[in-house]
file target_9.csv (CSV, C-alpha atoms)
chain,number,residue,atom,x,y,z
A,116,MET,CA,37.1,48.6,56.6
A,117,LYS,CA,36.1,52.1,57.8
A,118,SER,CA,36.4,51.0,61.4
A,119,GLU,CA,40.0,49.7,60.9
A,120,ILE,CA,41.1,52.9,59.2
A,121,TYR,CA,39.5,55.0,61.9
A,122,HIS,CA,41.3,53.2,64.6
A,123,ALA,CA,44.6,53.5,62.7
A,124,LEU,CA,44.6,57.2,63.8
A,125,SER,CA,44.9,58.3,67.4
A,126,GLN,CA,42.1,60.2,68.9
A,127,LYS,CA,44.2,63.5,68.9
A,128,GLU,CA,45.1,63.1,65.2
A,129,ALA,CA,41.4,62.5,64.3
A,130,LYS,CA,40.3,65.5,66.3
A,131,ASP,CA,43.0,67.7,64.7
A,132,SER,CA,42.1,66.6,61.2
A,133,ASP,CA,38.4,67.0,62.0
A,134,VAL,CA,37.7,63.4,61.0
A,135,GLN,CA,34.4,61.7,61.9
A,136,PRO,CA,33.8,57.9,61.6
A,137,THR,CA,30.3,58.0,60.0
A,138,GLY,CA,28.7,59.4,56.9
A,139,ALA,CA,29.9,59.3,53.2
A,140,GLN,CA,31.4,62.8,53.2
A,141,GLN,CA,32.9,62.3,56.7
A,142,ALA,CA,34.5,59.0,55.5
A,143,GLU,CA,36.0,60.7,52.4
A,144,ALA,CA,37.3,63.5,54.6
A,145,PHE,CA,38.8,60.9,57.0
A,146,VAL,CA,40.5,59.0,54.2
A,147,ARG,CA,42.0,62.2,52.8
A,148,ALA,CA,43.2,63.2,56.2
A,149,PHE,CA,44.6,59.7,56.8
A,150,LEU,CA,46.6,59.8,53.5
A,151,LYS,CA,47.8,63.3,54.3
A,152,CYS,CA,49.1,62.1,57.7
A,153,SER,CA,50.6,59.0,56.1
A,154,THR,CA,52.4,60.9,53.3
A,155,PRO,CA,53.3,64.3,54.8
A,156,ARG,CA,56.1,65.0,52.3
A,157,MET,CA,54.0,64.4,49.2
A,158,ASN,CA,52.1,67.4,47.7
A,159,PRO,CA,48.3,66.9,47.1
A,160,LYS,CA,48.7,66.7,43.3
A,161,ALA,CA,51.3,64.0,43.5
A,162,ARG,CA,49.3,62.1,46.0
A,163,GLU,CA,46.2,62.3,43.8
A,164,ASP,CA,48.2,61.1,40.8
A,165,GLN,CA,49.6,58.2,42.8
A,166,LEU,CA,46.1,57.1,43.8
A,167,GLN,CA,44.9,57.2,40.2
A,168,ARG,CA,47.7,54.9,38.9
A,169,LYS,CA,47.7,52.1,41.4
A,170,ALA,CA,46.0,50.7,44.5
A,171,VAL,CA,47.2,51.6,48.0
A,172,ILE,CA,47.8,48.6,50.2
A,173,LEU,CA,47.0,49.6,53.8
A,174,GLU,CA,47.8,46.3,55.3
A,175,TYR,CA,49.6,43.3,54.0
A,176,PHE,CA,51.2,40.2,55.4
A,177,ILE,CA,52.7,37.1,53.9
A,178,ARG,CA,51.0,33.8,54.7
A,179,HIS,CA,53.4,31.0,55.0
A,180,LYS,CA,52.1,27.7,53.7
A,181,ARG,CA,52.5,24.9,56.1
A,182,LYS,CA,54.7,22.2,54.8
A,183,GLU,CA,53.0,18.9,54.9
A,184,LYS,CA,55.1,16.2,56.3
A,185,LYS,CA,55.9,13.5,53.8
A,186,LYS,CA,54.9,10.1,54.9
A,187,LYS,CA,57.9,7.8,55.3
A,188,LYS,CA,57.8,4.8,53.1
A,189,ALA,CA,58.0,1.6,54.9
A,190,LYS,CA,61.4,0.1,54.3
A,191,GLY,CA,61.6,-3.6,53.4
A,192,LEU,CA,64.0,-6.1,54.9
A,193,SER,CA,67.6,-6.0,53.7
A,194,ALA,CA,69.2,-9.1,52.2
A,195,ARG,CA,71.1,-9.7,55.4
A,196,GLN,CA,67.9,-9.5,57.5
A,197,ARG,CA,66.2,-12.0,55.2
A,198,ARG,CA,69.1,-14.4,55.6
A,199,GLU,CA,69.1,-14.0,59.4
A,200,LEU,CA,65.4,-14.6,59.5
A,201,ARG,CA,65.8,-17.6,57.2
A,202,LEU,CA,62.8,-16.6,55.1
A,203,PHE,CA,63.8,-18.5,52.1
A,204,ASP,CA,64.8,-21.7,53.8
A,205,ILE,CA,62.8,-24.8,52.8
A,206,LYS,CA,61.8,-26.7,55.9
A,207,PRO,CA,62.7,-30.4,56.1
A,208,GLU,CA,59.0,-31.4,56.2
A,209,GLN,CA,58.5,-29.5,52.9
A,210,GLN,CA,61.4,-31.1,51.1
A,211,ARG,CA,59.3,-33.6,49.2
A,212,TYR,CA,59.4,-34.1,45.4
A,213,SER,CA,55.7,-34.8,45.1
A,214,LEU,CA,54.8,-31.5,46.6
A,215,PHE,CA,56.4,-29.6,43.7
A,216,LEU,CA,55.0,-31.7,40.8
A,217,PRO,CA,52.1,-29.2,40.3
A,218,LEU,CA,54.7,-26.4,40.1
A,219,HIS,CA,56.4,-28.3,37.3
A,220,GLU,CA,53.2,-28.7,35.4
A,221,LEU,CA,52.5,-25.0,35.7
A,222,TRP,CA,56.0,-24.3,34.5
A,223,LYS,CA,55.6,-26.5,31.4
A,224,GLN,CA,52.4,-24.6,30.5
A,225,TYR,CA,54.1,-21.3,31.0
A,226,ILE,CA,56.9,-22.3,28.6
A,227,ARG,CA,54.4,-23.6,26.0
A,228,ASP,CA,52.6,-20.2,26.1
A,229,LEU,CA,55.9,-18.3,26.0
A,230,CYS,CA,57.0,-20.2,22.9
A,231,ASN,CA,53.5,-20.0,21.2
A,232,GLY,CA,53.2,-23.8,21.5
A,233,LEU,CA,56.0,-26.4,21.2
A,234,LYS,CA,55.5,-28.0,17.8
A,235,PRO,CA,57.8,-30.6,16.1
A,236,ASP,CA,58.9,-28.0,13.6
A,237,THR,CA,59.7,-25.3,16.2
A,238,GLN,CA,63.3,-24.1,15.9
A,239,PRO,CA,65.4,-25.3,18.8
A,240,GLN,CA,67.4,-22.0,18.8
A,241,MET,CA,64.2,-20.1,19.5
A,242,ILE,CA,63.3,-22.3,22.4
A,243,GLN,CA,66.9,-21.9,23.7
A,244,ALA,CA,66.7,-18.1,23.5
A,245,LYS,CA,63.3,-18.1,25.3
A,246,LEU,CA,64.5,-20.4,28.1
A,247,LEU,CA,67.6,-18.4,28.8
A,248,LYS,CA,65.4,-15.4,29.7
A,249,ALA,CA,62.5,-17.3,31.2
A,250,ASP,CA,61.7,-18.0,34.9
A,251,LEU,CA,63.1,-21.5,35.5
A,252,HIS,CA,61.4,-22.1,38.9
A,253,GLY,CA,59.6,-25.4,38.5
A,254,ALA,CA,61.7,-26.7,35.6
A,255,ILE,CA,63.3,-30.2,35.8
A,256,ILE,CA,67.0,-29.6,35.3
A,257,SER,CA,70.0,-32.0,35.2
A,258,VAL,CA,73.7,-31.6,35.8
A,259,THR,CA,75.5,-33.1,32.7
A,260,LYS,CA,79.0,-31.7,33.3
A,261,SER,CA,80.8,-30.3,36.3
A,262,LYS,CA,84.3,-29.9,37.7
A,263,CYS,CA,82.9,-31.7,40.8
A,264,PRO,CA,82.1,-35.2,39.7
A,265,SER,CA,79.6,-35.7,42.5
A,266,TYR,CA,77.2,-33.2,40.9
A,267,VAL,CA,77.0,-35.0,37.6
A,268,GLY,CA,73.8,-36.8,37.1
A,269,ILE,CA,71.8,-34.9,39.7
A,270,THR,CA,68.2,-34.3,38.4
A,271,GLY,CA,65.3,-32.6,40.0
A,272,ILE,CA,62.8,-29.7,40.1
A,273,LEU,CA,64.3,-26.3,40.5
A,274,LEU,CA,63.0,-24.7,43.6
A,275,GLN,CA,65.2,-21.6,44.1
A,276,GLU,CA,67.7,-19.7,41.9
A,277,THR,CA,70.1,-17.1,43.1
A,278,LYS,CA,73.0,-15.4,41.2
A,279,HIS,CA,75.4,-18.3,41.9
A,280,ILE,CA,73.4,-21.4,42.8
A,281,PHE,CA,70.4,-23.6,41.9
A,282,LYS,CA,68.5,-25.4,44.6
A,283,ILE,CA,67.0,-28.7,43.3
A,284,ILE,CA,64.7,-31.2,44.9
A,285,THR,CA,65.4,-34.8,43.7
A,286,LYS,CA,63.0,-37.7,43.4
A,287,GLU,CA,64.6,-39.1,46.5
A,288,ASP,CA,63.4,-36.0,48.4
A,289,CYS,CA,66.9,-34.6,48.8
A,290,LEU,CA,67.5,-30.9,48.5
A,291,LYS,CA,70.7,-30.3,46.5
A,292,VAL,CA,72.5,-26.9,46.2
A,293,ILE,CA,74.4,-26.8,42.9
A,294,PRO,CA,76.8,-24.0,42.1
A,295,LYS,CA,76.4,-22.6,38.6
A,296,LEU,CA,80.1,-22.0,38.2
A,297,ASN,CA,81.9,-24.7,36.2
A,298,SER,CA,78.7,-26.7,35.5
A,299,VAL,CA,76.6,-27.5,32.5
A,300,PHE,CA,72.8,-28.0,33.0
A,301,THR,CA,70.1,-29.4,30.7
A,302,VAL,CA,66.5,-28.5,30.7
A,303,GLU,CA,64.0,-30.8,28.9
A,304,ILE,CA,60.4,-30.0,27.9
A,305,ASP,CA,58.3,-31.9,25.4
A,306,GLY,CA,61.3,-33.5,23.8
A,307,PHE,CA,63.3,-30.3,23.4
A,308,ILE,CA,66.6,-30.2,25.3
A,309,SER,CA,68.4,-27.0,26.0
A,310,TYR,CA,71.8,-26.5,27.5
A,311,ILE,CA,72.7,-23.9,30.2
A,312,TYR,CA,76.4,-23.0,30.8
A,313,GLY,CA,76.4,-22.1,34.4
A,314,SER,CA,79.6,-20.0,34.2
A,315,LYS,CA,77.8,-17.7,31.7
A,316,PHE,CA,74.5,-17.9,33.6
A,317,GLN,CA,75.5,-16.2,36.9
A,318,LEU,CA,72.7,-13.7,37.1
A,319,ARG,CA,69.5,-13.4,39.1
A,320,SER,CA,66.4,-14.6,37.4
A,321,SER,CA,65.1,-11.0,37.4
A,322,GLU,CA,68.2,-9.7,35.6
A,323,ARG,CA,68.2,-12.2,32.7
A,324,SER,CA,65.4,-10.6,30.7
A,325,ALA,CA,67.8,-7.7,29.7
A,326,LYS,CA,70.8,-9.9,29.2
A,327,LYS,CA,72.1,-10.8,25.8
A,328,PHE,CA,73.4,-14.3,25.6
A,329,LYS,CA,75.8,-15.6,23.0
A,330,ALA,CA,74.4,-18.3,20.6
A,331,LYS,CA,77.2,-20.7,21.5
A,332,GLY,CA,78.6,-21.0,25.0
A,333,THR,CA,81.9,-22.5,26.2
A,334,ILE,CA,83.1,-23.8,29.5
A,335,ASP,CA,86.4,-24.9,30.9
A,336,LEU,CA,86.0,-28.1,32.9

call {"tool": "encode", "arguments": {"input": "target_9.csv", "output": "C-alpha coordinates"}}
result
Amino acid sequence: MKSEIYHALSQKEAKDSDVQPTGAQQAEAFVRAFLKCSTPRMNPKAREDQLQRKAVILEYFIRHKRKEKKKKKAKGLSARQRRELRLFDIKPEQQRYSLFLPLHELWKQYIRDLCNGLKPDTQPQMIQAKLLKADLHGAIISVTKSKCPSYVGITGILLQETKHIFKIITKEDCLKVIPKLNSVFTVEIDGFISYIYGSKFQLRSSERSAKKFKAKGTIDL
(Lines of atoms letter the chains of each structure in order from A and count residues from 1; the text may use other names and numbers.)
(Lines give C-alpha, C1' and ligand atoms only; values in the text may rest on other atoms or scores of the structure.)
Protein backbone atom coordinates (compact mmCIF):
# COMPACT_ATOMS: atom_id res chain seq x y z
CA MET A 1 0.00 0.00 0.00
CA LYS A 2 2.78 2.41 0.92
CA SER A 3 4.66 1.60 -2.25
CA GLU A 4 1.56 2.28 -4.41
CA ILE A 5 0.96 5.66 -2.71
CA TYR A 6 4.61 6.59 -3.02
CA HIS A 7 4.68 5.94 -6.75
CA ALA A 8 1.48 7.94 -7.21
CA LEU A 9 3.64 11.11 -6.74
CA SER A 10 6.31 12.10 -9.13
CA GLN A 11 9.89 12.26 -7.91
CA LYS A 12 9.85 16.10 -8.05
CA GLU A 13 6.63 16.33 -6.00
CA ALA A 14 8.02 13.91 -3.39
CA LYS A 15 11.21 15.94 -3.13
CA ASP A 16 9.34 19.25 -2.87
CA SER A 17 7.09 17.85 -0.15
CA ASP A 18 10.03 16.28 1.69
CA VAL A 19 8.41 12.83 1.57
CA GLN A 20 10.38 9.69 2.33
CA PRO A 21 9.07 6.16 1.59
CA THR A 22 10.19 4.44 4.81
CA GLY A 23 9.53 4.89 8.53
CA ALA A 24 6.28 5.50 10.42
CA GLN A 25 6.73 9.26 10.73
CA GLN A 26 7.95 9.54 7.19
CA ALA A 27 4.91 7.53 5.97
CA GLU A 28 2.54 9.82 7.89
CA ALA A 29 4.26 12.86 6.45
CA PHE A 30 4.00 11.35 3.01
CA VAL A 31 0.25 10.71 3.35
CA ARG A 32 -0.37 14.26 4.55
CA ALA A 33 1.65 15.64 1.67
CA PHE A 34 -0.17 13.39 -0.78
CA LEU A 35 -3.58 14.54 0.50
CA LYS A 36 -2.45 18.16 0.38
CA CYS A 37 -1.45 17.73 -3.27
CA SER A 38 -4.69 15.87 -4.05
CA THR A 39 -6.92 18.50 -2.41
CA PRO A 40 -5.11 21.82 -2.90
CA ARG A 41 -8.25 23.95 -2.52
CA MET A 42 -9.30 22.40 0.82
CA ASN A 43 -8.03 23.96 4.04
CA PRO A 44 -6.31 21.65 6.61
CA LYS A 45 -9.25 21.76 9.05
CA ALA A 46 -11.81 20.77 6.43
CA ARG A 47 -9.51 18.03 5.14
CA GLU A 48 -9.05 16.64 8.64
CA ASP A 49 -12.79 16.77 9.24
CA GLN A 50 -13.44 14.96 5.96
CA LEU A 51 -11.04 12.18 6.89
CA GLN A 52 -12.69 11.68 10.28
CA ARG A 53 -16.17 11.23 8.77
CA LYS A 54 -15.59 8.72 5.97
CA ALA A 55 -12.94 6.67 4.28
CA VAL A 56 -11.00 8.00 1.36
CA ILE A 57 -10.93 5.67 -1.62
CA LEU A 58 -7.64 6.02 -3.43
CA GLU A 59 -8.38 3.59 -6.20
CA TYR A 60 -11.62 1.96 -7.31
CA PHE A 61 -12.78 0.14 -10.36
CA ILE A 62 -15.95 -1.77 -11.21
CA ARG A 63 -15.62 -5.45 -11.82
CA HIS A 64 -18.00 -6.60 -14.45
CA LYS A 65 -19.34 -10.08 -13.90
CA ARG A 66 -19.03 -12.35 -16.82
CA LYS A 67 -22.37 -13.48 -18.07
CA GLU A 68 -22.53 -17.21 -18.34
CA LYS A 69 -23.91 -18.41 -21.57
CA LYS A 70 -27.16 -20.27 -21.12
CA LYS A 71 -27.13 -23.73 -22.50
CA LYS A 72 -29.56 -24.10 -25.30
CA LYS A 73 -32.19 -26.71 -24.66
CA ALA A 74 -32.36 -29.40 -27.24
CA LYS A 75 -35.48 -28.90 -29.31
CA GLY A 76 -37.64 -31.90 -30.00
CA LEU A 77 -39.03 -32.84 -33.36
CA SER A 78 -42.05 -30.93 -34.61
CA ALA A 79 -45.28 -32.73 -35.52
CA ARG A 80 -44.47 -32.24 -39.19
CA GLN A 81 -41.00 -33.77 -38.79
CA ARG A 82 -42.45 -36.75 -36.93
CA ARG A 83 -44.90 -37.31 -39.77
CA GLU A 84 -42.16 -37.05 -42.38
CA LEU A 85 -40.01 -39.55 -40.48
CA ARG A 86 -43.07 -41.81 -40.08
CA LEU A 87 -42.21 -42.43 -36.44
CA PHE A 88 -45.70 -43.54 -35.48
CA ASP A 89 -46.37 -45.77 -38.46
CA ILE A 90 -46.99 -49.41 -37.56
CA LYS A 91 -44.97 -51.62 -39.86
CA PRO A 92 -46.82 -54.34 -41.78
CA GLU A 93 -44.93 -57.14 -40.01
CA GLN A 94 -46.10 -55.70 -36.68
CA GLN A 95 -49.77 -55.55 -37.65
CA ARG A 96 -50.76 -58.74 -35.85
CA TYR A 97 -53.60 -58.96 -33.35
CA SER A 98 -51.80 -61.53 -31.20
CA LEU A 99 -48.89 -59.17 -30.58
CA PHE A 100 -51.16 -56.71 -28.76
CA LEU A 101 -53.12 -59.10 -26.55
CA PRO A 102 -50.66 -58.52 -23.64
CA LEU A 103 -51.29 -54.79 -24.05
CA HIS A 104 -55.02 -55.43 -23.72
CA GLU A 105 -54.47 -57.42 -20.51
CA LEU A 106 -52.42 -54.57 -19.06
CA TRP A 107 -55.16 -52.12 -20.00
CA LYS A 108 -57.82 -54.17 -18.23
CA GLN A 109 -55.76 -54.24 -15.05
CA TYR A 110 -55.20 -50.50 -15.36
CA ILE A 111 -58.96 -49.84 -15.57
CA ARG A 112 -59.70 -52.17 -12.65
CA ASP A 113 -57.20 -50.27 -10.52
CA LEU A 114 -58.60 -46.95 -11.73
CA CYS A 115 -62.14 -47.94 -10.72
CA ASN A 116 -61.06 -49.53 -7.42
CA GLY A 117 -62.15 -52.92 -8.68
CA LEU A 118 -65.04 -53.67 -11.01
CA LYS A 119 -67.69 -55.24 -8.80
CA PRO A 120 -71.23 -56.24 -9.82
CA ASP A 121 -72.68 -53.40 -7.74
CA THR A 122 -70.36 -50.75 -9.23
CA GLN A 123 -72.29 -47.83 -10.71
CA PRO A 124 -72.05 -47.81 -14.55
CA GLN A 125 -72.03 -44.00 -14.51
CA MET A 126 -68.83 -44.03 -12.46
CA ILE A 127 -67.14 -46.42 -14.90
CA GLN A 128 -68.30 -44.30 -17.82
CA ALA A 129 -66.84 -41.14 -16.24
CA LYS A 130 -63.51 -42.89 -15.57
CA LEU A 131 -63.24 -44.31 -19.08
CA LEU A 132 -63.86 -40.96 -20.74
CA LYS A 133 -60.73 -39.57 -19.06
CA ALA A 134 -58.64 -42.75 -19.09
CA ASP A 135 -55.96 -43.83 -21.54
CA LEU A 136 -57.70 -46.15 -24.02
CA HIS A 137 -54.61 -47.60 -25.71
CA GLY A 138 -55.06 -51.36 -25.41
CA ALA A 139 -58.86 -51.31 -25.07
CA ILE A 140 -61.06 -53.42 -27.31
CA ILE A 141 -63.49 -51.03 -28.97
CA SER A 142 -66.27 -51.56 -31.49
CA VAL A 143 -68.01 -49.25 -33.94
CA THR A 144 -71.75 -49.55 -33.27
CA LYS A 145 -73.02 -46.60 -35.33
CA SER A 146 -71.52 -44.49 -38.09
CA LYS A 147 -72.55 -42.37 -41.05
CA CYS A 148 -70.31 -44.64 -43.09
CA PRO A 149 -71.94 -48.12 -43.00
CA SER A 150 -68.65 -49.87 -43.79
CA TYR A 151 -67.27 -48.89 -40.36
CA VAL A 152 -70.12 -50.45 -38.40
CA GLY A 153 -69.15 -53.72 -36.74
CA ILE A 154 -65.38 -53.17 -36.81
CA THR A 155 -63.88 -54.43 -33.55
CA GLY A 156 -60.30 -54.55 -32.40
CA ILE A 157 -57.62 -53.39 -30.01
CA LEU A 158 -56.96 -49.67 -30.00
CA LEU A 159 -53.32 -49.05 -30.93
CA GLN A 160 -53.20 -45.31 -31.55
CA GLU A 161 -55.45 -42.37 -30.80
CA THR A 162 -55.16 -38.86 -32.20
CA LYS A 163 -57.52 -35.92 -31.95
CA HIS A 164 -59.67 -37.12 -34.85
CA ILE A 165 -59.07 -40.85 -35.36
CA PHE A 166 -58.72 -44.26 -33.75
CA LYS A 167 -56.31 -46.85 -35.18
CA ILE A 168 -57.57 -50.38 -34.47
CA ILE A 169 -56.05 -53.80 -35.15
CA THR A 170 -58.71 -56.45 -35.82
CA LYS A 171 -58.58 -60.20 -35.21
CA GLU A 172 -57.99 -60.59 -38.94
CA ASP A 173 -54.70 -58.65 -38.52
CA CYS A 174 -56.07 -55.64 -40.41
CA LEU A 175 -55.18 -52.13 -39.29
CA LYS A 176 -58.25 -49.90 -39.51
CA VAL A 177 -58.32 -46.12 -39.26
CA ILE A 178 -61.70 -44.98 -37.94
CA PRO A 179 -62.64 -41.27 -37.77
CA LYS A 180 -64.24 -40.20 -34.50
CA LEU A 181 -66.59 -37.78 -36.24
CA ASN A 182 -70.13 -39.12 -36.73
CA SER A 183 -69.37 -42.46 -35.08
CA VAL A 184 -70.41 -44.18 -31.85
CA PHE A 185 -68.01 -46.62 -30.18
CA THR A 186 -68.46 -49.13 -27.36
CA VAL A 187 -65.84 -50.22 -24.85
CA GLU A 188 -66.44 -53.42 -22.89
CA ILE A 189 -64.64 -54.60 -19.77
CA ASP A 190 -65.74 -57.30 -17.31
CA GLY A 191 -69.35 -57.11 -18.53
CA PHE A 192 -69.60 -53.31 -18.32
CA ILE A 193 -70.27 -51.56 -21.63
CA SER A 194 -69.59 -47.86 -22.11
CA TYR A 195 -70.51 -45.71 -25.10
CA ILE A 196 -68.27 -43.08 -26.66
CA TYR A 197 -69.76 -40.46 -28.96
CA GLY A 198 -66.91 -39.71 -31.32
CA SER A 199 -68.14 -36.26 -32.33
CA LYS A 200 -67.90 -35.16 -28.67
CA PHE A 201 -64.64 -37.05 -28.18
CA GLN A 202 -62.38 -35.17 -30.59
CA LEU A 203 -59.56 -34.55 -28.16
CA ARG A 204 -56.07 -35.91 -27.70
CA SER A 205 -55.81 -38.52 -24.98
CA SER A 206 -53.57 -36.17 -22.97
CA GLU A 207 -56.25 -33.44 -23.02
CA ARG A 208 -59.19 -35.49 -21.81
CA SER A 209 -58.23 -35.48 -18.11
CA ALA A 210 -59.23 -31.79 -17.85
CA LYS A 211 -62.32 -32.08 -20.06
CA LYS A 212 -65.80 -32.10 -18.58
CA PHE A 213 -68.08 -34.43 -20.50
CA LYS A 214 -71.85 -34.30 -20.41
CA ALA A 215 -73.63 -37.21 -18.79
CA LYS A 216 -75.69 -37.85 -21.94
CA GLY A 217 -74.30 -37.44 -25.41
CA THR A 218 -76.09 -37.10 -28.71
CA ILE A 219 -75.02 -37.60 -32.29
CA ASP A 220 -76.62 -36.90 -35.63
CA LEU A 221 -76.26 -39.83 -37.96

call {"tool": "closest_residue", "arguments": {"input": "target_9.csv", "among": "A:Arg156, A:Lys206, A:Arg323, A:Lys286", "to": "Leu246 in chain A", "atoms": "only C-alpha atoms"}}
result
A:Arg323

call {"tool": "closest_residue", "arguments": {"input": "target_9.csv", "among": "A:Ile283, A:Ile269, A:Ala325, A:Ile304", "to": "Pro239 in chain A", "atoms": "all atoms listed in the file"}}
result
A:Ile304

call {"tool": "residues_around", "arguments": {"input": "target_9.csv", "residues": "Lys282 in chain A", "least_positions_apart": "2", "cutoff": "8 Å", "atoms": "all atoms listed in the file", "output": "ChimeraX atom specification"}}
result
/A:273-276,280,284,290-293

call {"tool": "write_last_selection", "arguments": {"input": "target_9.csv", "atoms": "C-alpha atoms", "output": "PDB file, in the frame of the given file"}}
result
ATOM      1  CA  LEU A 273      64.300 -26.300  40.500  1.00  0.00           C
ATOM      2  CA  LEU A 274      63.000 -24.700  43.600  1.00  0.00           C
ATOM      3  CA  GLN A 275      65.200 -21.600  44.100  1.00  0.00           C
ATOM      4  CA  GLU A 276      67.700 -19.700  41.900  1.00  0.00           C
ATOM      5  CA  ILE A 280      73.400 -21.400  42.800  1.00  0.00           C
ATOM      6  CA  ILE A 284      64.700 -31.200  44.900  1.00  0.00           C
ATOM      7  CA  LEU A 290      67.500 -30.900  48.500  1.00  0.00           C
ATOM      8  CA  LYS A 291      70.700 -30.300  46.500  1.00  0.00           C
ATOM      9  CA  VAL A 292      72.500 -26.900  46.200  1.00  0.00           C
ATOM     10  CA  ILE A 293      74.400 -26.800  42.900  1.00  0.00           C
TER      11      ILE A 293
END

call {"tool": "atom_distance", "arguments": {"input": "target_9.csv", "atom1": "CA of Lys315 in chain A", "atom2": "CA of Cys263 in chain A"}}
result
17.5 Å

call {"tool": "atom_distance", "arguments": {"input": "target_9.csv", "atom1": "CA of His279 in chain A", "atom2": "CA of Lys262 in chain A"}}
result
15.2 Å

call {"tool": "residues_near_point", "arguments": {"input": "target_9.csv", "point": "(62.9, -28.7, 43.8)", "cutoff": "10 Å", "atoms": "only C-alpha atoms", "output": "MDAnalysis selection string"}}
result
chainID A and resid 205 210:216 218:219 252:256 270:275 281:286 288:291

call {"tool": "decode", "arguments": {"input": "target_9.csv", "residues": "range 208-220 of chain A", "atoms": "N, CA, C and O atoms", "output": "PDB file, in the first residue's frame"}}
result
ATOM      1  N   GLU A 208     -45.257 -55.916 -40.737  1.00  0.00           N
ATOM      2  CA  GLU A 208     -44.934 -57.142 -40.010  1.00  0.00           C
ATOM      3  C   GLU A 208     -45.353 -57.080 -38.541  1.00  0.00           C
ATOM      4  O   GLU A 208     -45.396 -58.103 -37.856  1.00  0.00           O
ATOM      5  N   GLN A 209     -45.658 -55.869 -38.065  1.00  0.00           N
ATOM      6  CA  GLN A 209     -46.101 -55.704 -36.682  1.00  0.00           C
ATOM      7  C   GLN A 209     -47.626 -55.625 -36.561  1.00  0.00           C
ATOM      8  O   GLN A 209     -48.145 -55.538 -35.449  1.00  0.00           O
ATOM      9  N   GLN A 210     -48.308 -55.659 -37.665  1.00  0.00           N
ATOM     10  CA  GLN A 210     -49.770 -55.554 -37.650  1.00  0.00           C
ATOM     11  C   GLN A 210     -50.396 -56.931 -37.429  1.00  0.00           C
ATOM     12  O   GLN A 210     -51.031 -57.509 -38.310  1.00  0.00           O
ATOM     13  N   ARG A 211     -50.195 -57.435 -36.214  1.00  0.00           N
ATOM     14  CA  ARG A 211     -50.763 -58.737 -35.848  1.00  0.00           C
ATOM     15  C   ARG A 211     -51.508 -58.610 -34.527  1.00  0.00           C
ATOM     16  O   ARG A 211     -50.971 -58.078 -33.546  1.00  0.00           O
ATOM     17  N   TYR A 212     -52.723 -59.074 -34.519  1.00  0.00           N
ATOM     18  CA  TYR A 212     -53.597 -58.956 -33.348  1.00  0.00           C
ATOM     19  C   TYR A 212     -52.987 -59.625 -32.128  1.00  0.00           C
ATOM     20  O   TYR A 212     -53.043 -59.091 -31.018  1.00  0.00           O
ATOM     21  N   SER A 213     -52.352 -60.774 -32.325  1.00  0.00           N
ATOM     22  CA  SER A 213     -51.804 -61.531 -31.196  1.00  0.00           C
ATOM     23  C   SER A 213     -50.686 -60.775 -30.475  1.00  0.00           C
ATOM     24  O   SER A 213     -50.468 -60.978 -29.280  1.00  0.00           O
ATOM     25  N   LEU A 214     -49.974 -59.921 -31.196  1.00  0.00           N
ATOM     26  CA  LEU A 214     -48.887 -59.166 -30.576  1.00  0.00           C
ATOM     27  C   LEU A 214     -49.391 -58.191 -29.517  1.00  0.00           C
ATOM     28  O   LEU A 214     -48.655 -57.832 -28.585  1.00  0.00           O
ATOM     29  N   PHE A 215     -50.642 -57.757 -29.637  1.00  0.00           N
ATOM     30  CA  PHE A 215     -51.157 -56.710 -28.764  1.00  0.00           C
ATOM     31  C   PHE A 215     -52.123 -57.236 -27.702  1.00  0.00           C
ATOM     32  O   PHE A 215     -52.690 -56.437 -26.951  1.00  0.00           O
ATOM     33  N   LEU A 216     -52.287 -58.548 -27.624  1.00  0.00           N
ATOM     34  CA  LEU A 216     -53.119 -59.105 -26.552  1.00  0.00           C
ATOM     35  C   LEU A 216     -52.537 -58.824 -25.164  1.00  0.00           C
ATOM     36  O   LEU A 216     -53.297 -58.504 -24.235  1.00  0.00           O
ATOM     37  N   PRO A 217     -51.207 -58.913 -24.958  1.00  0.00           N
ATOM     38  CA  PRO A 217     -50.662 -58.525 -23.641  1.00  0.00           C
ATOM     39  C   PRO A 217     -50.946 -57.068 -23.286  1.00  0.00           C
ATOM     40  O   PRO A 217     -51.178 -56.742 -22.121  1.00  0.00           O
ATOM     41  N   LEU A 218     -50.949 -56.197 -24.293  1.00  0.00           N
ATOM     42  CA  LEU A 218     -51.286 -54.794 -24.050  1.00  0.00           C
ATOM     43  C   LEU A 218     -52.727 -54.666 -23.567  1.00  0.00           C
ATOM     44  O   LEU A 218     -53.026 -53.884 -22.654  1.00  0.00           O
ATOM     45  N   HIS A 219     -53.612 -55.461 -24.145  1.00  0.00           N
ATOM     46  CA  HIS A 219     -55.020 -55.434 -23.721  1.00  0.00           C
ATOM     47  C   HIS A 219     -55.173 -55.908 -22.278  1.00  0.00           C
ATOM     48  O   HIS A 219     -55.952 -55.326 -21.506  1.00  0.00           O
ATOM     49  N   GLU A 220     -54.404 -56.934 -21.892  1.00  0.00           N
ATOM     50  CA  GLU A 220     -54.474 -57.424 -20.512  1.00  0.00           C
ATOM     51  C   GLU A 220     -53.968 -56.361 -19.536  1.00  0.00           C
ATOM     52  O   GLU A 220     -54.541 -56.188 -18.445  1.00  0.00           O
TER      53      GLU A 220
END
